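Worksheet: one structure, shown below.
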Amino acid sequence: MKVTASELKYVFPKGFWWGSASSATQMEGSAQADGKGPNIWDYWHETETNRFFNGIGPDQAPQFYSRYKEDIKLLKDTGHNSFRFSISWSRLFPEGRGEINEKAVHFYNEVINTLLAKRIEPFVNLYHFDMPLSLQHEGGWESRSVVEAYVDYATACFTLFGDRVQKWFTHNEPIVPAECGYLYGHHYPAVVDFKKAVQVAFHSVLASAKAIERYHSLNFTGQIGIILNVTPSYPRSQHPADLEAAEKADLLFNRSFLDPSVKGTFPAKLVSMLREENFLPSYEPDDLMIIRENTVDILGINYYQPRRVKAKEHLPNRNAPFMPEFYFDYYDMPGKKMNPYRGWEIYEKGIYDILKNLQENYGNIECFISENGIGVENEERFKNSEGIIEDDYRISFYKEHLKWVHQAIQEGANVKGYHVWTFMDNWSWLNAYKNRYGLVSIDLEQNYKRTIKKSGYWFKELATNNGF
Ligand code: BG6
């Protein structure tokens with residue numbers, strides 16, 4: 001229902017981007033179809049199925065590959081004026097480099113053209129956790145040759161689709177492959193090695209800068225940026241030891257990517273922490289200059305939860321593999337609000353704190369909320385007699401976060417849009433279909449039948465009214 005601005009409490013700036021984010025491996029399905037090469041997820045699912053919730057793998061993602069037309073119509077029905085998806089590197093280049101897969105070119109052209117025909121702006125991300133298997137065999141992000149292959153892949157995407165795509169992103173949450181793949185065992189190759197994690201992170205930053213350099217050198221008129229999961233670090237108390245713990249967590253998890261992406265430099269304190277432990281990555285003479293000179297035009301912020309920390313209570317075991325938690329302990333704050341299904345704290349003001357930090361310490365760079373959402377288990381129980389899931393908790397979750405985004409805008413934050421995670425219930429890396437995040441539900445029993453949830457109708461109203 002369209003209402004007048006005076007009837008709304010929270011009105012957003014004209015042209016605000018309302019939409020959602022998705023990723024290729026989580027949405028497309030058809031993991032072996034039409035010449036797609038395997039990526040690390042296809043391989044890991046095949047070789048260690050037990051690691052996946054109910055044994056479900058990426059092949060059973062919601063089949064966006066074959067149903068994109070129906071899905072783009074649903075994007076419109078849920079009020080999207082913009083939509084982020086990622087290109088599957090191993091669909092475009094089955095071997096990661098070399099011969100291009102024309103069927104993939106056709107597919108992404110169709111997706112982009114169909115979105116544009118419906119006046120939905122495509123936001124295209126190049127890397128969302130899905131390394132082509134053949135490049136992982138070369139060492140993945142540990143390897144310099146993979147950085148070069150990525151720049152070639154990015155260049156191919158710019159050349160093929162850059163006449164229509166105006167918003168590009170080099171990575172989604174690049175810290176995740178480093179921490180989950182090289183420290184915590186959640187992503188392939190599930191190595192535990194801090195030095196390798198640092199190398200992976202450094203190469204991701206370098207790859208991003210090189211892709212930005214390439215994009216700008218091709219004289220496109222659009223913008224290129226990166227999507228980061230900036231998780232504010234809150235200390236337990238104002239005790240100097242707690243403050244130091246929070247600062248170190250912030251340096252490791254946030255500023256490691258935020259500073260080089262926006263300012264072109266790594267924080268000196270982070271460098272000295274890494275040097276002290278002999279963890280500095282190897283790099284070539286020009287790398288730091290490339291990073292310095294090729295910062296982002298725009299920043300996407302994914303926000304789900306805060307990080308609460310305190311000073312370490314016990315000395316770490318020096319014989320155990322080095323972990324970020326050598327610098328701090330997690331703080332389990334009494335009374336915190338939780339999403340019990342995902343085990344993540346809900347702290348709405350965190351989104352405001354991030355935006356204020358960007359405003360005050362990062363030149364108020366143009367940004368948008370690129371992911372925010374809540375994953376809930378067994379949503380079927382909320383189905384009404386018409387088969388629509390009444391997910392009022394999701395609507396409240398969005399509203400409570402949007403109030404803080406609105407507040408930041410009133411105070412001058414340069415935030416241009418709000419994308420939720422996610423458009424449609426999709427396959428998750430660790431949880432498959434356990435927790436559902438979508439504005440649209442998927443019925444796995446009925447051939448992935450799509451049904452708009454109550455939140456999807458609400459989102460349409462939100463976008464139509466440009467506020468609530
Ligand atoms: C984001 C990722 O961090 O969180 C998505 O960009 C992911 O890929 C989302 O799906 C939700 O996390 P999860 O683990 O519950 O799927």
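Following the order of the structure tokens, chains are lettered A, B, ..., residues in each are numbered from 1, and ligands are numbered from 1.
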Could the residues that lie within 8 Å of ligand 1, counting only C-alpha atoms and all ligand atoms, be listed as a list in words?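 Residues lying within 8 Å of ligand 1: Ser22, Ser23, Gln26, His128, Phe129, Asn172, Glu173, Val176, Asn229, Asn302, Tyr304, Arg342, Glu371, Gly373, Gly375, Trp421, Asn426, Trp427, Ser428, Trp429, Leu430, Asn431, Ala432, Asn435 and Tyr437 of chain A.
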Sel. of helix (DSSP H, G or I) residues, range 32-97 of chain A, as number ranges by chain: A: 33-35, 40-47, 49-51, 53-55, 58-60, 64-77, 89-92
Every residue of range 19-235 of chain A that DSSP places in strand (DSSP E or B), as a PyMOL selection string: chain A and resi 19-21+39+82-86+121-125+132+167-172+223-228+233-235
Can you tell me, as a PyMOL selection string, what residues are no more than 9 Å from Ile227 in chain A when counting only C-alpha atoms, ignoring any on the same chain fewer than 2 positions away? chain A and resi 125+169-174+225+229+298-302+370
Export of the given selection (N, CA, C and O atoms) as a CSV table (one decimal), in the first residue's frame:
```csv
chain,number,residue,atom,x,y,z
A,125,ASN,N,29.0,-9.3,-8.0
A,125,ASN,CA,30.1,-9.6,-7.1
A,125,ASN,C,31.0,-10.7,-7.8
A,125,ASN,O,30.4,-11.6,-8.4
A,169,PHE,N,31.7,-5.6,-7.5
A,169,PHE,CA,32.4,-5.8,-6.2
A,169,PHE,C,33.4,-6.9,-6.4
A,169,PHE,O,33.1,-7.9,-7.0
A,170,THR,N,34.6,-6.7,-5.8
A,170,THR,CA,35.7,-7.7,-6.0
A,170,THR,C,35.5,-8.9,-5.2
A,170,THR,O,35.9,-10.0,-5.7
A,171,HIS,N,35.1,-8.8,-4.0
A,171,HIS,CA,34.9,-9.9,-3.1
A,171,HIS,C,33.7,-9.7,-2.2
A,171,HIS,O,33.4,-8.5,-1.8
A,172,ASN,N,33.2,-10.8,-1.7
A,172,ASN,CA,32.2,-10.7,-0.6
A,172,ASN,C,33.0,-11.3,0.6
A,172,ASN,O,33.5,-12.4,0.6
A,173,GLU,N,33.1,-10.5,1.7
A,173,GLU,CA,33.7,-11.0,3.0
A,173,GLU,C,35.0,-11.8,2.8
A,173,GLU,O,35.1,-12.9,3.1
A,174,PRO,N,36.0,-11.1,2.2
A,174,PRO,CA,37.2,-11.9,1.9
A,174,PRO,C,37.9,-12.4,3.1
A,174,PRO,O,38.8,-13.3,3.0
A,225,GLY,N,33.8,-1.7,-5.9
A,225,GLY,CA,34.1,-1.7,-4.5
A,225,GLY,C,34.3,-3.1,-4.0
A,225,GLY,O,34.6,-4.1,-4.7
A,229,ASN,N,32.4,-7.8,5.9
A,229,ASN,CA,31.7,-8.0,7.1
A,229,ASN,C,32.4,-7.3,8.3
A,229,ASN,O,33.2,-7.9,8.9
A,298,ILE,N,33.3,2.4,-3.6
A,298,ILE,CA,32.1,2.2,-2.8
A,298,ILE,C,32.3,1.0,-1.9
A,298,ILE,O,33.1,0.0,-2.3
A,299,LEU,N,31.7,1.0,-0.8
A,299,LEU,CA,31.8,-0.1,0.2
A,299,LEU,C,30.5,-0.7,0.5
A,299,LEU,O,29.5,0.0,0.8
A,300,GLY,N,30.4,-2.1,0.5
A,300,GLY,CA,29.3,-2.8,1.0
A,300,GLY,C,29.6,-3.3,2.4
A,300,GLY,O,30.7,-3.8,2.7
A,301,ILE,N,28.6,-3.1,3.3
A,301,ILE,CA,28.8,-3.6,4.7
A,301,ILE,C,27.8,-4.7,5.0
A,301,ILE,O,26.6,-4.5,4.9
A,302,ASN,N,28.3,-5.9,5.3
A,302,ASN,CA,27.4,-7.0,5.8
A,302,ASN,C,27.4,-6.9,7.3
A,302,ASN,O,28.5,-6.9,7.9
A,370,SER,N,25.0,-4.1,2.6
A,370,SER,CA,24.9,-5.1,1.6
A,370,SER,C,24.4,-6.5,2.0
A,370,SER,O,24.0,-7.3,1.2
```
Show me, as a list in words, the residues that have an atom within 6 Å of Ala31 in chain A when counting only C-alpha atoms, minus same-chain residues fewer than 2 positions from it.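 Selected residues are Gly29, Ala33 and Asp59 of chain A.
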Print the selection's residues with N, CA, C and O atoms to a file, as an mmCIF file, in the first residue's frame.
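part_2.cif was written with the following content:
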```
data_model
loop_
_atom_site.group_PDB
_atom_site.id
_atom_site.type_symbol
_atom_site.label_atom_id
_atom_site.label_comp_id
_atom_site.auth_asym_id
_atom_site.auth_seq_id
_atom_site.Cartn_x
_atom_site.Cartn_y
_atom_site.Cartn_z
ATOM 1 N N GLY A 29 22.416 -23.771 -8.172
ATOM 2 C CA GLY A 29 22.222 -25.204 -8.396
ATOM 3 C C GLY A 29 22.872 -25.584 -9.722
ATOM 4 O O GLY A 29 23.802 -24.890 -10.172
ATOM 5 N N ALA A 33 25.936 -28.635 -14.645
ATOM 6 C CA ALA A 33 25.278 -28.460 -15.950
ATOM 7 C C ALA A 33 26.052 -27.543 -16.871
ATOM 8 O O ALA A 33 26.793 -26.672 -16.438
ATOM 9 N N ASP A 59 24.655 -28.563 -5.270
ATOM 10 C CA ASP A 59 23.863 -28.944 -6.440
ATOM 11 C C ASP A 59 22.366 -28.760 -6.162
ATOM 12 O O ASP A 59 21.562 -28.571 -7.079
#
```
Looking at A:Ile374, A:Val440, A:Met323, A:Val296, which one is nearest to Gly222 in chain A, with distances taken over only C-alpha atoms?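 Selected residue with least distance to Gly222 in chain A: A:Val296.
In this model, the gap between CA of Gln410 in chain A and CA of Gln166 in chain A comes to 26.9 Å.
Nearest residue to Leu206 in chain A, choosing from A:Asp392, A:Glu313, A:Glu461, A:Asp287 and counting only C-alpha atoms: A:Asp287.
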Two-atom distance - CA of Val262 in chain A, CA of Thr25 in chain A (Å):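 We find that CA of Val262 in chain A and CA of Thr25 in chain A lie 27.6 Å from each other.
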Distance table requested - range 247-286 of chain A against range 180-194 of chain A, cut-off 10 Å, only C-alpha atoms: one row per qualifying residue with the closest atom pair and its distance in Å to one decimal, ordered by chain and rising residue number, as a tab-separated table.
```
residue	atom	partner	partner_atom	distance
A:Leu274	CA	A:Phe194	CA	10.0
A:Glu277	CA	A:Phe194	CA	9.9
A:Phe279	CA	A:Phe194	CA	7.3
```
Selected residues written out, N, CA, C and O atoms, as a PDB file, in the first residue's frame:
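That gives us again-v1.pdb:
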```
ATOM      1  N   LEU A 274      51.742  -8.697  13.595  1.00  0.00           N
ATOM      2  CA  LEU A 274      52.061  -9.852  12.743  1.00  0.00           C
ATOM      3  C   LEU A 274      53.576 -10.079  12.673  1.00  0.00           C
ATOM      4  O   LEU A 274      54.041 -11.217  12.688  1.00  0.00           O
ATOM      5  N   GLU A 277      55.064 -11.997  15.578  1.00  0.00           N
ATOM      6  CA  GLU A 277      54.852 -13.451  15.572  1.00  0.00           C
ATOM      7  C   GLU A 277      55.421 -14.099  14.308  1.00  0.00           C
ATOM      8  O   GLU A 277      55.179 -15.273  14.046  1.00  0.00           O
ATOM      9  N   PHE A 279      54.551 -13.523  11.192  1.00  0.00           N
ATOM     10  CA  PHE A 279      53.460 -13.915  10.300  1.00  0.00           C
ATOM     11  C   PHE A 279      53.305 -12.985   9.099  1.00  0.00           C
ATOM     12  O   PHE A 279      52.293 -13.084   8.382  1.00  0.00           O
TER      13      PHE A 279
END
```
Can you pull out every residue within 12 Å of Gly438 in chain A, counting only C-alpha atoms, but drop anything in the same chain fewer than 2 positions away, and send it as a PyMOL selection string? chain A and resi 19-22+27+62+74-75+78+371-377+379+389+391+394-395+419-428+433+435-436+440-443+450-457+459
Can you spit out the residues from that selection as a CSV table (one decimal), in the first residue's frame, using N, CA and C atoms?
```
chain,number,residue,atom,x,y,z
A,19,GLY,N,16.9,-3.8,-1.8
A,19,GLY,CA,17.1,-5.1,-2.5
A,19,GLY,C,17.7,-6.2,-1.6
A,20,SER,N,18.3,-7.1,-2.2
A,20,SER,CA,18.9,-8.2,-1.4
A,20,SER,C,20.2,-8.7,-2.1
A,21,ALA,N,20.9,-9.6,-1.4
A,21,ALA,CA,22.1,-10.2,-1.9
A,21,ALA,C,21.9,-11.7,-2.0
A,22,SER,N,22.7,-12.2,-2.9
A,22,SER,CA,22.7,-13.7,-3.1
A,22,SER,C,24.1,-14.1,-3.5
A,27,MET,N,22.8,-20.2,-4.8
A,27,MET,CA,21.5,-20.0,-5.5
A,27,MET,C,21.3,-20.8,-6.8
A,62,PRO,N,18.7,-23.5,-4.9
A,62,PRO,CA,17.3,-23.4,-5.5
A,62,PRO,C,17.2,-23.3,-7.0
A,74,LEU,N,9.8,-12.5,-9.2
A,74,LEU,CA,9.6,-12.4,-7.7
A,74,LEU,C,10.4,-11.3,-7.1
A,75,LEU,N,11.6,-11.0,-7.7
A,75,LEU,CA,12.3,-9.8,-7.2
A,75,LEU,C,11.5,-8.6,-7.3
A,78,THR,N,8.6,-8.4,-4.9
A,78,THR,CA,9.0,-8.1,-3.5
A,78,THR,C,9.7,-6.7,-3.4
A,371,GLU,N,24.3,-6.7,3.3
A,371,GLU,CA,23.7,-7.9,3.9
A,371,GLU,C,23.3,-7.6,5.3
A,372,ASN,N,22.1,-8.0,5.7
A,372,ASN,CA,21.6,-8.0,7.0
A,372,ASN,C,20.4,-8.9,7.0
A,373,GLY,N,20.3,-9.8,8.0
A,373,GLY,CA,19.2,-10.7,8.0
A,373,GLY,C,19.2,-11.7,9.1
A,374,ILE,N,18.2,-12.5,9.2
A,374,ILE,CA,18.0,-13.4,10.3
A,374,ILE,C,17.7,-14.8,9.8
A,375,GLY,N,18.4,-15.8,10.1
A,375,GLY,CA,18.2,-17.2,9.7
A,375,GLY,C,17.4,-17.9,10.8
A,376,VAL,N,16.2,-18.5,10.4
A,376,VAL,CA,15.4,-19.1,11.4
A,376,VAL,C,15.1,-20.6,11.0
A,377,GLU,N,15.1,-21.5,11.9
A,377,GLU,CA,14.9,-22.9,11.6
A,377,GLU,C,13.4,-23.2,11.6
A,379,GLU,N,10.7,-22.8,9.7
A,379,GLU,CA,9.7,-21.7,9.5
A,379,GLU,C,8.3,-22.2,9.1
A,389,ILE,N,4.3,-18.0,4.9
A,389,ILE,CA,5.0,-18.0,6.1
A,389,ILE,C,4.9,-16.6,6.7
A,391,ASP,N,6.4,-14.4,8.9
A,391,ASP,CA,7.6,-14.2,9.6
A,391,ASP,C,7.7,-12.8,10.2
A,394,ARG,N,11.0,-11.5,11.4
A,394,ARG,CA,12.0,-11.0,10.3
A,394,ARG,C,11.7,-9.5,10.0
A,395,ILE,N,10.4,-9.2,10.0
A,395,ILE,CA,10.0,-7.8,9.7
A,395,ILE,C,10.5,-6.9,10.9
A,419,HIS,N,20.4,-3.8,1.6
A,419,HIS,CA,20.1,-5.1,1.0
A,419,HIS,C,20.0,-6.1,2.1
A,420,VAL,N,19.0,-6.9,2.0
A,420,VAL,CA,18.8,-8.0,3.0
A,420,VAL,C,19.5,-9.3,2.5
A,421,TRP,N,19.9,-10.1,3.5
A,421,TRP,CA,20.2,-11.5,3.1
A,421,TRP,C,19.0,-12.3,3.6
A,422,THR,N,18.3,-12.8,2.7
A,422,THR,CA,18.5,-12.8,1.3
A,422,THR,C,17.1,-12.8,0.6
A,423,PHE,N,17.2,-12.9,-0.7
A,423,PHE,CA,15.9,-12.9,-1.5
A,423,PHE,C,15.1,-14.1,-1.2
A,424,MET,N,15.7,-15.3,-1.4
A,424,MET,CA,15.0,-16.5,-1.4
A,424,MET,C,15.8,-17.5,-0.4
A,425,ASP,N,15.1,-18.3,0.3
A,425,ASP,CA,15.8,-19.3,1.1
A,425,ASP,C,16.8,-20.0,0.2
A,426,ASN,N,18.0,-20.0,0.7
A,426,ASN,CA,19.0,-20.7,-0.1
A,426,ASN,C,19.9,-21.6,0.6
A,427,TRP,N,20.8,-22.2,-0.1
A,427,TRP,CA,21.8,-23.2,0.5
A,427,TRP,C,22.9,-22.4,1.2
A,428,SER,N,23.2,-22.9,2.4
A,428,SER,CA,24.2,-22.2,3.2
A,428,SER,C,25.4,-23.1,3.3
A,433,TYR,N,20.0,-26.1,4.3
A,433,TYR,CA,18.7,-25.4,4.4
A,433,TYR,C,18.2,-25.3,5.8
A,435,ASN,N,18.7,-23.1,8.4
A,435,ASN,CA,18.2,-21.8,8.8
A,435,ASN,C,17.7,-21.1,7.5
A,436,ARG,N,16.5,-20.6,7.5
A,436,ARG,CA,16.0,-19.9,6.3
A,436,ARG,C,16.1,-18.4,6.5
A,440,VAL,N,11.4,-15.0,0.3
A,440,VAL,CA,10.6,-15.9,-0.4
A,440,VAL,C,11.0,-17.3,0.1
A,441,SER,N,10.0,-18.2,0.4
A,441,SER,CA,10.3,-19.5,0.9
A,441,SER,C,10.5,-20.5,-0.3
A,442,ILE,N,11.2,-21.5,0.0
A,442,ILE,CA,11.4,-22.6,-0.9
A,442,ILE,C,10.9,-23.9,-0.3
A,443,ASP,N,10.1,-24.6,-1.1
A,443,ASP,CA,9.6,-25.9,-0.6
A,443,ASP,C,10.4,-27.0,-1.3
A,450,ARG,N,8.4,-21.8,-5.0
A,450,ARG,CA,8.6,-20.5,-4.4
A,450,ARG,C,7.3,-19.8,-3.9
A,451,THR,N,7.3,-19.3,-2.6
A,451,THR,CA,6.1,-18.6,-2.1
A,451,THR,C,6.6,-17.4,-1.4
A,452,ILE,N,6.1,-16.2,-1.7
A,452,ILE,CA,6.5,-15.0,-1.0
A,452,ILE,C,6.0,-15.1,0.5
A,453,LYS,N,6.9,-14.7,1.4
A,453,LYS,CA,6.6,-14.7,2.8
A,453,LYS,C,6.0,-13.4,3.1
A,454,LYS,N,5.4,-13.3,4.3
A,454,LYS,CA,4.9,-12.0,4.8
A,454,LYS,C,5.9,-10.9,4.7
A,455,SER,N,7.2,-11.2,5.1
A,455,SER,CA,8.3,-10.2,5.0
A,455,SER,C,8.5,-9.7,3.6
A,456,GLY,N,8.3,-10.6,2.6
A,456,GLY,CA,8.4,-10.2,1.2
A,456,GLY,C,7.4,-9.2,0.8
A,457,TYR,N,6.2,-9.3,1.3
A,457,TYR,CA,5.1,-8.3,1.0
A,457,TYR,C,5.4,-7.0,1.7
A,459,PHE,N,8.4,-6.0,2.5
A,459,PHE,CA,9.6,-5.4,1.9
A,459,PHE,C,9.1,-4.6,0.6
```
May I have the residues within 10 Å of Ile40 in chain A as JSON, numbers by chain, using only C-alpha atoms and disregarding those fewer than 4 positions away in the same chain? {"A": [44, 45, 46, 90, 129, 130, 131, 132, 133, 134, 135, 136, 137, 140, 187, 188, 189]}
Could you give me, as a list in words, the residues within 9 Å of Leu402 in chain A, counting only C-alpha atoms and dropping anything in the same chain fewer than 3 positions from it?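 Once the adjacent positions are removed, what remains is Tyr10, Glu348, Ile351, Phe397, Tyr398, Lys399, Val405, His406, Gln407 and Tyr418 of chain A.
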